[in-house]
>>> print(open('structure_31.cif').read())   # mmCIF, C-alpha atoms
data_my_file
loop_
_atom_site.label_atom_id
_atom_site.label_comp_id
_atom_site.auth_asym_id
_atom_site.auth_seq_id
_atom_site.Cartn_x
_atom_site.Cartn_y
_atom_site.Cartn_z
CA MET A 155 0.00 0.00 0.00
CA ASP A 156 1.32 3.47 -0.86
CA VAL A 157 1.54 5.24 2.49
CA HIS A 158 1.86 8.58 0.68
CA ARG A 159 -1.34 8.24 -1.36
CA ARG A 160 -2.87 11.29 0.34
CA PRO A 161 -1.09 14.42 1.58
CA LEU A 162 -1.06 14.55 5.38
CA VAL A 163 -1.82 17.92 6.96
CA ASP A 164 -0.21 18.46 10.35
CA ARG A 165 -2.92 18.46 13.03
CA THR A 166 -0.87 19.54 16.06
CA LEU A 167 -2.59 22.92 16.37
CA PRO A 168 -6.15 21.51 16.06
CA LEU A 169 -5.22 18.99 18.77
CA LEU A 170 -4.13 21.79 21.09
CA ALA A 171 -7.32 23.70 20.32
CA LYS A 172 -9.83 20.85 20.71
CA GLY A 173 -8.22 18.78 23.48
CA TYR A 174 -9.90 15.51 24.36
CA ALA A 175 -12.46 15.78 21.55
CA TRP A 176 -9.90 16.05 18.75
CA LEU A 177 -9.14 12.37 18.21
CA PRO A 178 -12.65 10.96 18.88
CA ASP A 179 -14.02 13.53 16.41
CA ARG A 180 -11.50 12.37 13.79
CA MET A 181 -12.46 8.75 14.51
CA ARG A 182 -16.13 9.55 13.88
CA GLU A 183 -15.22 11.24 10.59
CA SER A 184 -13.26 8.17 9.50
CA ALA A 185 -16.14 5.81 10.45
CA GLY A 186 -13.60 3.27 11.73
CA PRO A 187 -11.20 2.52 14.58
CA VAL A 188 -8.24 4.14 12.80
CA VAL A 189 -7.17 7.62 11.65
CA ARG A 190 -4.22 8.55 9.46
CA THR A 191 -2.86 12.04 10.09
CA ARG A 192 0.33 13.98 10.92
CA LEU A 193 1.51 15.29 14.31
CA LEU A 194 4.68 17.19 15.19
CA GLY A 195 5.66 16.89 11.54
CA ARG A 196 5.54 13.06 11.57
CA PRO A 197 3.12 10.69 9.84
CA THR A 198 0.76 9.36 12.49
CA LEU A 199 -1.68 6.50 12.82
CA ALA A 200 -4.27 6.64 15.61
CA VAL A 201 -5.95 3.39 16.63
CA ARG A 202 -8.61 2.20 19.06
CA GLY A 203 -9.95 -1.08 20.47
CA PRO A 204 -8.61 -4.10 22.40
CA GLU A 205 -6.78 -5.51 19.37
CA ALA A 206 -5.27 -2.08 18.73
CA VAL A 207 -4.07 -2.01 22.35
CA ARG A 208 -2.18 -5.24 21.73
CA LEU A 209 -0.64 -3.71 18.61
CA PHE A 210 0.39 -0.61 20.53
CA TYR A 211 2.19 -2.66 23.20
CA ASP A 212 3.97 -4.95 20.71
CA GLU A 213 7.62 -3.98 21.22
CA ALA A 214 8.58 -5.57 17.90
CA ARG A 215 6.54 -2.89 16.13
CA VAL A 216 6.25 0.06 18.55
CA ARG A 217 8.77 1.52 20.99
CA ARG A 218 8.83 4.31 23.56
CA HIS A 219 12.40 5.53 23.14
CA GLY A 220 12.20 8.82 21.28
CA ALA A 221 8.40 8.77 21.34
CA VAL A 222 7.77 11.03 24.32
CA PRO A 223 8.14 14.71 23.34
CA ALA A 224 10.76 16.67 25.28
CA PRO A 225 8.16 19.00 26.87
CA VAL A 226 6.43 15.95 28.40
CA LEU A 227 9.72 14.56 29.71
CA ASP A 228 10.67 17.96 31.15
CA THR A 229 7.38 18.19 33.04
CA LEU A 230 5.56 14.90 33.56
CA PHE A 231 7.99 11.94 33.45
CA GLY A 232 11.52 13.32 33.73
CA GLN A 233 14.55 12.76 31.52
CA GLY A 234 15.77 9.16 31.63
CA ALA A 235 12.57 7.85 33.22
CA VAL A 236 11.33 4.28 32.88
CA HIS A 237 8.75 5.52 30.35
CA THR A 238 11.56 6.20 27.82
CA LEU A 239 13.11 2.71 27.90
CA ASP A 240 12.39 -0.42 25.88
CA GLY A 241 13.17 -4.12 25.97
CA ALA A 242 15.55 -5.49 28.59
CA ASP A 243 16.44 -2.00 29.85
CA HIS A 244 12.77 -1.26 30.48
CA ARG A 245 12.18 -4.57 32.26
CA ALA A 246 15.25 -4.06 34.46
CA ARG A 247 14.13 -0.56 35.47
CA LYS A 248 10.56 -1.72 36.03
CA GLU A 249 11.81 -4.19 38.64
CA LEU A 250 12.17 -1.12 40.82
CA PHE A 251 8.39 -0.60 40.74
CA LEU A 252 6.79 -4.03 40.45
CA PRO A 253 7.24 -5.08 44.11
CA LEU A 254 5.18 -2.01 45.04
CA LEU A 255 2.16 -3.81 43.54
CA ASP A 256 2.26 -6.46 46.27
CA PRO A 257 -1.22 -6.44 47.89
CA GLY A 258 0.31 -5.82 51.30
CA ARG A 259 2.18 -2.76 50.07
CA VAL A 260 -0.89 -1.40 48.29
CA ALA A 261 -2.90 -1.88 51.49
CA ALA A 262 -0.22 -0.11 53.52
CA LEU A 263 -0.24 2.90 51.18
CA THR A 264 -4.04 3.00 51.27
CA GLU A 265 -3.92 2.95 55.07
CA HIS A 266 -1.38 5.80 55.22
CA VAL A 267 -3.48 7.92 52.84
CA GLY A 268 -6.69 7.04 54.69
CA THR A 269 -5.14 8.13 57.99
CA ALA A 270 -3.96 11.39 56.40
CA TRP A 271 -7.50 11.95 55.05
CA ASP A 272 -9.12 11.31 58.42
CA ASP A 273 -6.66 13.68 60.12
CA ALA A 274 -7.43 16.39 57.56
CA VAL A 275 -11.20 15.93 57.82
CA ARG A 276 -11.04 16.68 61.56
CA THR A 277 -9.95 20.22 60.68
CA TRP A 278 -12.32 20.88 57.77
CA HIS A 279 -15.33 21.77 59.92
CA LYS A 280 -13.38 24.82 61.13
CA ARG A 281 -13.03 26.19 57.61
CA SER A 282 -15.58 28.14 55.66
CA ARG A 283 -14.69 26.45 52.37
CA VAL A 284 -12.71 23.35 51.40
CA VAL A 285 -11.58 22.67 47.82
CA LEU A 286 -11.48 18.90 47.54
CA PHE A 287 -9.00 18.76 44.66
CA ASP A 288 -6.41 20.78 46.60
CA GLU A 289 -6.99 18.99 49.89
CA ALA A 290 -6.86 15.56 48.30
CA ALA A 291 -3.50 16.42 46.73
CA VAL A 292 -2.02 17.28 50.13
CA VAL A 293 -3.55 14.19 51.77
CA LEU A 294 -2.24 11.89 49.04
CA THR A 295 1.21 13.48 49.15
CA ARG A 296 1.42 13.21 52.92
CA GLY A 297 0.35 9.56 52.82
CA VAL A 298 2.69 8.51 50.02
CA CYS A 299 5.66 10.29 51.64
CA ARG A 300 5.13 8.33 54.86
CA TRP A 301 4.73 5.10 52.92
CA ALA A 302 7.79 5.78 50.74
CA GLY A 303 10.03 6.35 53.76
CA LEU A 304 10.77 10.02 53.17
CA PRO A 305 11.93 12.07 56.16
CA PRO A 306 9.04 13.34 58.33
CA ASP A 307 10.08 16.99 57.89
CA ILE A 308 9.07 16.95 54.19
CA ASP A 309 6.69 19.87 53.51
CA ALA A 310 3.74 17.94 52.07
CA GLY A 311 1.90 21.12 51.09
CA ALA A 312 4.76 22.53 49.02
CA LEU A 313 5.59 19.14 47.54
CA SER A 314 1.97 18.49 46.57
CA ARG A 315 1.77 21.82 44.74
CA ASP A 316 4.87 20.91 42.72
CA LEU A 317 3.63 17.38 41.98
CA ILE A 318 0.29 18.73 40.78
CA ALA A 319 2.04 21.39 38.69
CA MET A 320 4.06 18.68 36.89
CA VAL A 321 0.87 16.91 35.84
CA ASP A 322 -1.13 20.06 35.15
CA GLY A 323 1.41 21.57 32.78
CA PHE A 324 2.61 18.65 30.66
CA ALA A 325 0.24 19.16 27.70
CA THR A 326 -0.16 22.91 27.45
CA PRO A 327 2.36 25.55 26.33
CA GLY A 328 2.60 28.78 28.28
CA PRO A 329 2.55 29.54 32.01
CA ARG A 330 1.33 26.08 33.08
CA ARG A 331 4.23 24.38 31.34
CA ALA A 332 6.70 26.89 32.77
CA ARG A 333 5.40 26.20 36.29
CA ALA A 334 5.66 22.47 35.65
CA ARG A 335 9.28 22.70 34.52
CA ARG A 336 10.24 24.81 37.53
CA ALA A 337 8.46 22.39 39.84
CA ARG A 338 10.23 19.37 38.34
CA SER A 339 13.64 21.02 38.43
CA ARG A 340 13.13 22.04 42.07
CA GLN A 341 11.97 18.61 43.25
CA GLU A 342 14.52 16.64 41.23
CA ALA A 343 17.28 18.69 42.84
CA ARG A 344 15.85 18.25 46.36
CA LEU A 345 15.29 14.51 46.01
CA ALA A 346 18.70 13.97 44.37
CA ARG A 347 20.28 15.56 47.44
CA LEU A 348 18.17 13.26 49.62
CA ILE A 349 19.37 10.21 47.65
CA GLU A 350 22.97 11.32 48.10
CA ASP A 351 22.41 11.83 51.83
CA VAL A 352 20.93 8.33 52.13
CA ARG A 353 23.84 6.81 50.24
CA SER A 354 26.31 8.62 52.47
CA GLU A 355 24.29 7.49 55.53
CA ALA A 356 23.64 11.07 56.60
CA VAL A 357 19.93 10.19 56.35
CA THR A 358 18.39 6.79 57.09
CA ALA A 359 15.97 5.17 54.67
CA PRO A 360 13.71 2.52 56.25
CA GLU A 361 14.77 -0.89 54.97
CA GLY A 362 12.63 -2.02 52.04
CA SER A 363 10.97 1.39 51.65
CA VAL A 364 10.60 3.05 48.25
CA LEU A 365 13.43 5.42 49.14
CA ASP A 366 15.63 2.44 50.04
CA ARG A 367 14.73 0.62 46.83
CA VAL A 368 15.47 3.65 44.67
CA ARG A 369 18.90 4.27 46.18
CA ARG A 370 19.83 0.56 45.82
CA HIS A 371 18.33 -0.17 42.39
CA ARG A 372 20.68 -1.39 39.67
CA ASP A 373 20.02 -1.06 35.96
CA LEU A 374 21.61 -3.20 33.28
CA PRO A 375 24.48 -4.01 33.38
CA GLY A 376 24.35 -3.75 37.17
CA GLU A 377 25.05 -0.07 37.76
CA THR A 378 23.21 1.97 40.41
CA LEU A 379 21.19 4.92 39.19
CA ASP A 380 22.84 8.30 39.33
CA ALA A 381 21.26 10.53 41.97
CA ARG A 382 19.29 12.61 39.46
CA THR A 383 17.77 9.59 37.70
CA ALA A 384 16.99 8.04 41.09
CA ALA A 385 15.18 11.27 41.98
CA VAL A 386 13.24 11.07 38.69
CA GLU A 387 12.04 7.56 39.52
CA LEU A 388 11.19 8.49 43.11
CA LEU A 389 9.05 11.28 41.66
CA ASN A 390 7.46 8.68 39.40
CA VAL A 391 6.06 7.12 42.56
CA LEU A 392 5.10 10.35 44.33
CA ARG A 393 3.67 12.24 41.33
CA PRO A 394 1.11 9.69 40.08
CA THR A 395 -0.07 9.13 43.65
CA ALA A 396 -0.74 12.85 44.07
CA ALA A 397 -2.46 12.80 40.66
CA VAL A 398 -5.21 10.60 42.12
CA SER A 399 -6.58 13.97 43.35
CA TRP A 400 -8.02 14.37 39.82
CA PHE A 401 -10.04 11.20 40.31
CA VAL A 402 -11.09 12.25 43.83
CA ALA A 403 -12.50 15.49 42.41
CA PHE A 404 -14.22 13.53 39.64
CA GLY A 405 -15.61 11.11 42.24
CA ALA A 406 -17.05 14.03 44.18
CA HIS A 407 -18.54 15.35 40.94
CA ALA A 408 -20.13 11.95 40.25
CA LEU A 409 -21.63 11.73 43.75
CA HIS A 410 -23.02 15.25 43.41
CA ARG A 411 -24.65 14.50 40.05
CA ARG A 412 -25.77 11.00 41.06
CA PRO A 413 -26.33 11.02 44.83
CA ALA A 414 -27.99 7.59 44.78
CA HIS A 415 -24.51 6.04 44.70
CA ARG A 416 -23.63 7.60 48.04
CA GLU A 417 -25.56 5.15 50.23
CA ARG A 418 -24.08 2.10 48.57
CA LEU A 419 -20.57 3.43 49.09
CA ARG A 420 -21.35 4.35 52.70
CA SER A 421 -22.50 0.80 53.39
CA GLY A 422 -19.00 -0.53 52.85
CA ASP A 423 -19.89 -2.56 49.75
CA ARG A 424 -16.34 -3.26 48.56
CA ALA A 425 -17.40 -4.65 45.18
CA PHE A 426 -19.39 -1.49 44.47
CA ALA A 427 -16.49 0.71 45.60
CA THR A 428 -14.26 -1.07 43.08
CA ALA A 429 -16.88 -0.69 40.36
CA PHE A 430 -17.29 3.00 41.24
CA ALA A 431 -13.51 3.52 40.99
CA HIS A 432 -13.40 1.83 37.57
CA GLU A 433 -16.33 3.91 36.31
CA VAL A 434 -14.77 7.18 37.49
CA ARG A 435 -11.60 6.27 35.62
CA ARG A 436 -13.57 5.28 32.50
CA PHE A 437 -16.13 8.06 32.38
CA TYR A 438 -14.08 11.13 33.31
CA PRO A 439 -11.27 12.45 31.05
CA PHE A 440 -7.66 12.14 32.16
CA ALA A 441 -5.16 10.91 29.51
CA PRO A 442 -6.45 11.70 25.99
CA PHE A 443 -4.14 9.24 24.22
CA LEU A 444 -0.75 7.52 24.44
CA GLY A 445 2.00 7.64 21.83
CA GLY A 446 4.77 5.39 20.52
CA ARG A 447 7.24 5.35 17.63
CA THR A 448 6.88 2.66 14.97
CA VAL A 449 9.89 0.36 14.57
CA THR A 450 8.65 -1.02 11.24
CA ASP A 451 6.00 -0.04 8.71
CA VAL A 452 2.67 -0.67 10.43
CA THR A 453 -0.67 -1.28 8.72
CA TRP A 454 -3.95 -1.33 10.66
CA CYS A 455 -7.47 -1.61 9.23
CA GLY A 456 -6.21 -0.65 5.78
CA GLU A 457 -4.25 2.43 6.91
CA SER A 458 -0.45 2.56 7.18
CA VAL A 459 2.32 4.49 8.86
CA PRO A 460 6.03 4.07 7.99
CA ALA A 461 8.81 3.13 10.39
CA GLY A 462 9.74 6.15 12.49
CA GLY A 463 6.18 7.44 12.50
CA ILE A 464 3.86 7.90 15.45
CA LEU A 465 1.26 5.41 16.66
CA LEU A 466 -1.42 6.84 18.95
CA LEU A 467 -3.70 4.81 21.18
CA ASP A 468 -7.01 6.67 21.54
CA VAL A 469 -7.48 6.30 25.31
CA TYR A 470 -10.36 8.73 25.83
CA GLY A 471 -12.14 7.49 22.71
CA GLN A 472 -11.78 3.84 23.67
CA ASN A 473 -13.12 4.49 27.16
CA HIS A 474 -16.18 6.07 25.49
CA ASP A 475 -16.58 3.59 22.63
CA GLU A 476 -20.22 2.57 22.23
CA LYS A 477 -19.16 -0.81 20.85
CA LEU A 478 -17.42 -1.61 24.13
CA TRP A 479 -19.66 0.08 26.69
CA GLY A 480 -23.14 0.37 25.13
CA ASP A 481 -24.01 3.60 26.92
CA PRO A 482 -20.56 5.23 27.24
CA TYR A 483 -21.80 8.68 28.26
CA THR A 484 -23.86 7.38 31.15
CA PHE A 485 -22.11 7.13 34.53
CA ARG A 486 -23.05 3.61 35.58
CA PRO A 487 -20.74 1.74 38.01
CA GLU A 488 -23.01 -1.30 37.83
CA ARG A 489 -21.51 -2.16 34.45
CA PHE A 490 -18.42 -3.38 36.33
CA LEU A 491 -20.45 -5.45 38.79
CA ALA A 492 -21.69 -7.66 35.98
CA ARG A 493 -18.10 -8.47 35.04
CA PRO A 494 -14.67 -6.98 35.74
CA PRO A 495 -13.09 -5.06 32.87
CA GLU A 496 -10.95 -6.99 30.44
CA ARG A 497 -7.29 -6.02 30.50
CA ASP A 498 -7.27 -4.27 27.13
CA GLU A 499 -10.80 -2.82 27.23
CA LEU A 500 -10.55 -0.26 30.05
CA VAL A 501 -7.35 1.71 29.42
CA PRO A 502 -7.33 4.99 31.39
CA GLN A 503 -3.74 4.18 32.43
CA GLY A 504 -2.77 2.19 29.37
CA GLY A 505 -3.18 -1.44 28.37
CA GLY A 506 -1.15 -4.61 28.16
CA ASP A 507 0.59 -6.48 30.98
CA PRO A 508 2.08 -4.12 33.60
CA ALA A 509 4.63 -6.78 34.60
CA VAL A 510 6.41 -6.76 31.23
CA GLY A 511 4.99 -3.85 29.22
CA HIS A 512 4.50 -0.10 29.53
CA ARG A 513 1.12 -0.18 31.28
CA CYS A 514 1.26 1.97 34.40
CA PRO A 515 2.31 -0.31 37.28
CA GLY A 516 0.54 2.01 39.70
CA GLU A 517 -2.92 1.27 38.31
CA ARG A 518 -3.70 -1.13 41.16
CA ILE A 519 -2.66 1.59 43.61
CA THR A 520 -4.90 4.14 41.88
CA VAL A 521 -7.91 1.84 42.13
CA GLY A 522 -7.21 1.00 45.78
CA LEU A 523 -6.82 4.65 46.76
CA LEU A 524 -9.93 5.69 44.88
CA GLU A 525 -11.99 2.91 46.48
CA SER A 526 -10.91 4.11 49.93
CA LEU A 527 -11.27 7.84 49.39
CA ALA A 528 -14.58 7.60 47.50
CA THR A 529 -16.02 5.61 50.41
CA ARG A 530 -14.71 8.15 52.92
CA LEU A 531 -16.07 10.99 50.80
CA ALA A 532 -19.50 9.37 50.66
CA ARG A 533 -19.52 9.14 54.45
CA LEU A 534 -19.06 12.90 54.86
CA GLU A 535 -21.87 15.43 55.16
CA TYR A 536 -21.28 18.70 53.34
CA THR A 537 -22.94 21.36 51.25
CA VAL A 538 -21.97 22.04 47.65
CA PRO A 539 -22.23 25.82 47.18
CA ASP A 540 -22.79 27.54 43.83
CA GLN A 541 -19.63 27.21 41.75
CA ASP A 542 -18.42 26.36 38.25
CA LEU A 543 -18.43 22.56 38.09
CA ALA A 544 -17.92 22.45 34.31
CA ILE A 545 -15.23 20.05 33.07
CA PRO A 546 -13.77 21.69 29.94
CA LEU A 547 -12.65 19.15 27.34
CA ARG A 548 -10.28 21.62 25.69
CA ARG A 549 -8.09 21.65 28.81
CA ILE A 550 -5.61 18.75 29.21
CA PRO A 551 -5.58 17.48 31.88
CA THR A 552 -9.02 18.74 32.80
CA ARG A 553 -10.96 18.80 36.08
CA PRO A 554 -13.96 20.63 37.55
CA ARG A 555 -13.10 24.29 37.11
CA SER A 556 -13.75 25.07 40.77
CA GLY A 557 -11.77 22.09 42.04
CA PHE A 558 -15.04 21.02 43.71
CA ALA A 559 -15.53 23.23 46.75
CA VAL A 560 -17.63 22.17 49.75
CA THR A 561 -18.76 23.88 52.93
CA GLY A 562 -20.08 22.75 56.32
CA VAL A 563 -18.08 19.51 56.32
CA ARG A 564 -18.84 17.03 59.10
CA ALA A 565 -18.72 13.28 59.59
CA ALA A 566 -21.92 11.45 58.65
#
>>> encode(input="structure_31.cif", output="structure tokens")
Amino acid sequence: MDVHRRPLVDRTLPLLAKGYAWLPDRMRESAGPVVRTRLLGRPTLAVRGPEAVRLFYDEARVRRHGAVPAPVLDTLFGQGAVHTLDGADHRARKELFLPLLDPGRVAALTEHVGTAWDDAVRTWHKRSRVVLFDEAAVVLTRGVCRWAGLPPDIDAGALSRDLIAMVDGFATPGPRRARARRARSRQEARLARLIEDVRSEAVTAPEGSVLDRVRRHRDLPGETLDARTAAVELLNVLRPTAAVSWFVAFGAHALHRRPAHRERLRSGDRAFATAFAHEVRRFYPFAPFLGGRTVTDVTWCGESVPAGGILLLDVYGQNHDEKLWGDPYTFRPERFLARPPERDELVPQGGGDPAVGHRCPGERITVGLLESLATRLARLEYTVPDQDLAIPLRRIPTRPRSGFAVTGVRAA
């Protein structure tokens, strides 16, 4: 097939203008699960569906090295992060993270965050207004710092603001990106100094903690990480945990719009809490798509992209695909009570096998934290004052504009 049969117009600017709707709109125009276009000057193929997920995570055809744009590395992931590696190097680096998925460790993190939430809630009744997005970020940061073995004098408030800035500014040029780059530079420098202090035994890292694992980890061929790269990977534990604040705000939004779910969460129905967490992650927008670089010429559903091109996985579109979900724009946790999601169907944090591929290894942590905090949120009494609860799809990453403010908070 002649991959140059039609001229490809670069669509980077329309993507920036339309946000989450850009790729699903193009998919509707194409009337199929594939779109051929051009981004950042490169020929691009966008795909959707469980089979497309398996294509996207096939390392023989798609790689990550060189696929992540520099502005995303400088804000979200960090230079030299696990996200930029492939093959044996990626698997060796991922060994740093996989033990964190042990059910006992996930439960311990959930307990730390739950304790931090409960401590914070005891002070909220004294305040005239609480913005749940901001408060959840501090709670999550405080909990993950304790769990990770960081020194107790860490300023969780300042750190949470930097972690949130890194996520908030990765996809948008201008002031948000500038704040994100400053935040990353500041925290990488601070955590690199901490790594050096731990290695020199000026600071103690609890044995087996995340901090201990990061300072000891060895890449291929057996070399320890330099302090800056170790700081990058430590941030790749702290940052995505703080980013669960997006889902907490979305969960509050869902409970406000559909209050009938509150009683079932309050009752302690664990299966429903899991289903609620999955539906929040499916229904609300977070990652619009994921990108990789093609190793060989790739053809999908009759459309092709040459080696060195871009392959996009339409995350937001797949999570709202009528063929998969039936009623994709209805918030309905019960869909996940009937059966758990298949691995490559629900992909808010990527697809494939997290043990060997690029799927986010923290997905189990995200679900566990959201189960716990959504249940705690449902058990609070509060008033939702007039505010702008719109979730603009042009903004990436988006959230309720007000951050979801509440007043008169008290325990149920």
>>> residues_around(input="structure_31.cif", residues="region 270-274 of chain A", least_positions_apart="4", cutoff="7 Å", atoms="all atoms listed in the file", output="list in words")
His266, Trp278, Val293, Arg296 and Gly297 of chain A
>>> closest_residue(input="structure_31.cif", among="A:Val201, A:Leu252, A:Ala334, A:Leu531", to="His410 (chain A)", atoms="all atoms listed in the file")
A:Leu531
>>> closest_residue(input="structure_31.cif", among="A:Pro439, A:Gly268, A:Gly480, A:Gly471", to="Val298 (chain A)", atoms="all atoms listed in the file")
A:Gly268
>>> closest_residue(input="structure_31.cif", among="A:Arg247, A:Arg283, A:Val292, A:Glu183", to="Thr378 (chain A)", atoms="only C-alpha atoms")
A:Arg247
>>> closest_residue(input="structure_31.cif", among="A:Leu250, A:Leu239, A:Leu534, A:Val452", to="Asn390 (chain A)", atoms="all atoms listed in the file")
A:Leu250
>>> resolve_selection(input="structure_31.cif", expression="the PyMOL selection byres ((chain A and resi 546) around 12)", output="PyMOL selection string")
chain A and resi 171-175+438-440+542-545+547-556
>>> residues_around(input="structure_31.cif", residues="Ala565 (chain A)", least_positions_apart="5", cutoff="9 Å", atoms="all atoms listed in the file", output="list of chain:residue names")
A:Val275, A:Arg276, A:Arg533, A:Leu534, A:Glu535, A:Tyr536
>>> resolve_selection(input="structure_31.cif", expression="the PyMOL selection byres ((chain A and resi 215) around 9)", output="VMD selection string")
chain A and resid 209 to 214 216 to 217 447 to 452 461
>>> closest_residue(input="structure_31.cif", among="A:Ser282, A:Thr453, A:Thr358, A:Thr198", to="Thr537 (chain A)", atoms="all atoms listed in the file")
A:Ser282
>>> closest_residue(input="structure_31.cif", among="A:Phe231, A:Asp373, A:Leu478, A:Arg202", to="Glu249 (chain A)", atoms="only C-alpha atoms")
A:Asp373
>>> resolve_selection(input="structure_31.cif", expression="the PyMOL selection byres ((chain A and resi 364) around 9)", output="PyMOL selection string")
chain A and resi 250-251+254+301-304+359-363+365-369+388+391
>>> atom_distance(input="structure_31.cif", atom1="CA of Glu417 (chain A)", atom2="CA of Thr395 (chain A)")
26.6 Å
>>> atom_distance(input="structure_31.cif", atom1="CA of Gly516 (chain A)", atom2="CA of Leu294 (chain A)")
13.9 Å
